[in-house]
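See below for the structure under consideration.
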Amino acid sequence: MLDNERIPPGTDPDKASVARMYDAMLGGQHNFAIDREAVAAVTGIDPQVRTLARANRAFLGRAVRHLVDAGVRQFIDLGSGIPTQGNVHEVAQTASPGARVVYVDKDPVAVAHSTSLLADNPDADIVDADIRRPADVLASPKLRKLIDFEQPVAVLMVAILHFVTPEENPAGIVAAFRDALPDGSWLALTHATNEDRPETAAAVSKLYSARATSPVTARSHDEIHDLFTGFDLVEPGLVHVPLWRPDQGDRIPDKPSEYWVYAGVGRKSA
C-alpha cells in the first residue's frame, strides 16, 4: 500500500480519492487507509460494490475490443484512474499492435503510476488534466502528438461523468469532445443510475460528498441516454453494464438492475 513517503505532490491524504477508491474496489495496491475506509463504508450501503466495479471494468475491455474490431486505432480514456489489470492500451495493443492511447486524469496518484507504467510505451501517454475543461485536454501537446483527428477516435468516459455535477454541465463536456471528433468516431460510457435503487444511490452520493474528492450524481436512464446526443448507439443500446455484449461464458445476473450502472457505445452521427 502507499505510504507517506510515496505520496505524490498535490495529494490530500486526509480526503478519499475517487480514483484510489476505485483502485481499492478492484483489489489494487495504490490507495491509502482513508480510501479503504471509505470503500468499506460504501460496501456497508451496497455489499456488492466490488462486484459492480469489476463488472464496470469488464465492460471497458469488451468495449475496447469491439472498437478495435470496428477499425478504431486511437483511444482517449477520460478519467482513466490508476492503472490496473486490463488497461486500455493493453487491450487495444494486444488486439492491434500500434494502437495509440492517451489517458487523462487529474489525480496525482493516477498520473504518477500511469507515467511510470507508460515510460517505455511510445504509443501511450498520460495527460494531467481535468475533463471538466475539455479545451485544455484537447490542446495538450501529449494528446496532439498521439491522436490524429483526421482519423476515427474513440473517447471513453467509463464511470467518470457521475462525478460531474449538474452545474459542471456533463452534457456540455461530452458535446465538446464530440464536436472535436471526426466522423466515424465513437463514445463509450458508463454511468450510475438513480432509477433502479434510488435509496442506495442517494446514500452512496451522500457518502461521497462527505468523504471523497468528488460527489456522485446518479442520473436517470433518459438523462444518461441524452449524453449520447450526436452518437448512434449500437446494439444492445443503453443497458445495465453486465448486459452490454457479454463474452461467452459470462454469468448474466438474474436481476441486472442490481448493477445500478448503465453502459453504452455509440458512433458519431454523420
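Each chain in the C-alpha cells gets a letter, A, B and so on, in the order shown; residues start at 1 in every chain, and ligands are counted from 1 in the order they appear.
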
Could you make a table, as a Markdown table, of the residues of range 120-227 of chain A that have an atom within 6 Å of an atom of range 54-76 of chain A, each with its nearest atom pair and distance in Å to one decimal, counting only C-alpha atoms, in chain and number order?
```
| residue | atom | partner | partner_atom | distance |
| --- | --- | --- | --- | --- |
| A:Val153 | CA | A:Gln74 | CA | 5.0 |
| A:Ala154 | CA | A:Phe75 | CA | 4.8 |
| A:Val155 | CA | A:Ile76 | CA | 4.8 |
```

Resulting file, chosen residues, all heavy atoms, as a PDB file, in the first residue's frame:
```
ATOM      1  N   VAL A 153     -11.573   8.332 -33.753  1.00  0.00           N
ATOM      2  CA  VAL A 153     -11.082   8.305 -32.375  1.00  0.00           C
ATOM      3  C   VAL A 153     -12.199   7.773 -31.484  1.00  0.00           C
ATOM      4  O   VAL A 153     -13.370   8.116 -31.688  1.00  0.00           O
ATOM      5  CB  VAL A 153     -10.676   9.714 -31.894  1.00  0.00           C
ATOM      6  CG1 VAL A 153     -10.165   9.666 -30.458  1.00  0.00           C
ATOM      7  CG2 VAL A 153      -9.629  10.334 -32.819  1.00  0.00           C
ATOM      8  N   ALA A 154     -11.862   6.947 -30.511  1.00  0.00           N
ATOM      9  CA  ALA A 154     -12.831   6.517 -29.503  1.00  0.00           C
ATOM     10  C   ALA A 154     -12.554   7.273 -28.209  1.00  0.00           C
ATOM     11  O   ALA A 154     -11.436   7.242 -27.693  1.00  0.00           O
ATOM     12  CB  ALA A 154     -12.738   5.021 -29.265  1.00  0.00           C
ATOM     13  N   VAL A 155     -13.568   7.955 -27.710  1.00  0.00           N
ATOM     14  CA  VAL A 155     -13.489   8.619 -26.410  1.00  0.00           C
ATOM     15  C   VAL A 155     -14.186   7.723 -25.387  1.00  0.00           C
ATOM     16  O   VAL A 155     -15.337   7.307 -25.594  1.00  0.00           O
ATOM     17  CB  VAL A 155     -14.139  10.010 -26.449  1.00  0.00           C
ATOM     18  CG1 VAL A 155     -14.260  10.586 -25.047  1.00  0.00           C
ATOM     19  CG2 VAL A 155     -13.324  10.947 -27.332  1.00  0.00           C
TER      20      VAL A 155
END
```

Point to revise | Given only C-alpha atoms as the counted atoms, nearest of A:Met157, A:Ala16, A:Ala41, A:Ala203 to Gly79 in chain A | key: A:Met157

Practice item. Name all residues at most 7 Å from Pro182 in chain A (count only C-alpha atoms; drop same-chain ones fewer than 4 positions away) and give them as a PyMOL selection string. Key: chain A and resi 149-152

Hey, which bits of range 118-216 of chain A sit within 10 Å of range 84-95 of chain A, and for each residue what's the closest pair of atoms and how far apart in Å (one decimal), counting only C-alpha atoms, rows by chain and increasing number, as a tab-separated table?
```
residue	atom	partner	partner_atom	distance
A:Leu118	CA	A:His89	CA	9.3
A:Asn121	CA	A:His89	CA	9.3
A:Asp123	CA	A:His89	CA	8.4
A:Ala124	CA	A:His89	CA	6.8
A:Asp125	CA	A:His89	CA	9.5
A:Leu156	CA	A:Val88	CA	9.5
```

With N, CA and C atoms kept, could you save the residues just selected as a PDB file, in the first residue's frame?
```
ATOM      1  N   LEU A 118       3.836   3.748 -18.407  1.00  0.00           N
ATOM      2  CA  LEU A 118       3.879   4.013 -19.844  1.00  0.00           C
ATOM      3  C   LEU A 118       5.227   4.533 -20.325  1.00  0.00           C
ATOM      4  N   ASN A 121       6.463   2.931 -23.462  1.00  0.00           N
ATOM      5  CA  ASN A 121       5.455   2.660 -24.487  1.00  0.00           C
ATOM      6  C   ASN A 121       5.299   3.888 -25.373  1.00  0.00           C
ATOM      7  N   ASP A 123       3.434   4.456 -27.808  1.00  0.00           N
ATOM      8  CA  ASP A 123       2.087   4.643 -28.351  1.00  0.00           C
ATOM      9  C   ASP A 123       1.044   4.930 -27.274  1.00  0.00           C
ATOM     10  N   ALA A 124       1.496   5.254 -26.069  1.00  0.00           N
ATOM     11  CA  ALA A 124       0.552   5.573 -24.998  1.00  0.00           C
ATOM     12  C   ALA A 124       1.163   6.615 -24.075  1.00  0.00           C
ATOM     13  N   ASP A 125       0.303   7.488 -23.509  1.00  0.00           N
ATOM     14  CA  ASP A 125       0.789   8.531 -22.604  1.00  0.00           C
ATOM     15  C   ASP A 125      -0.345   8.947 -21.684  1.00  0.00           C
ATOM     16  N   LEU A 156     -13.478   7.429 -24.311  1.00  0.00           N
ATOM     17  CA  LEU A 156     -14.003   6.557 -23.266  1.00  0.00           C
ATOM     18  C   LEU A 156     -14.307   7.396 -22.030  1.00  0.00           C
TER      19      LEU A 156
END
```
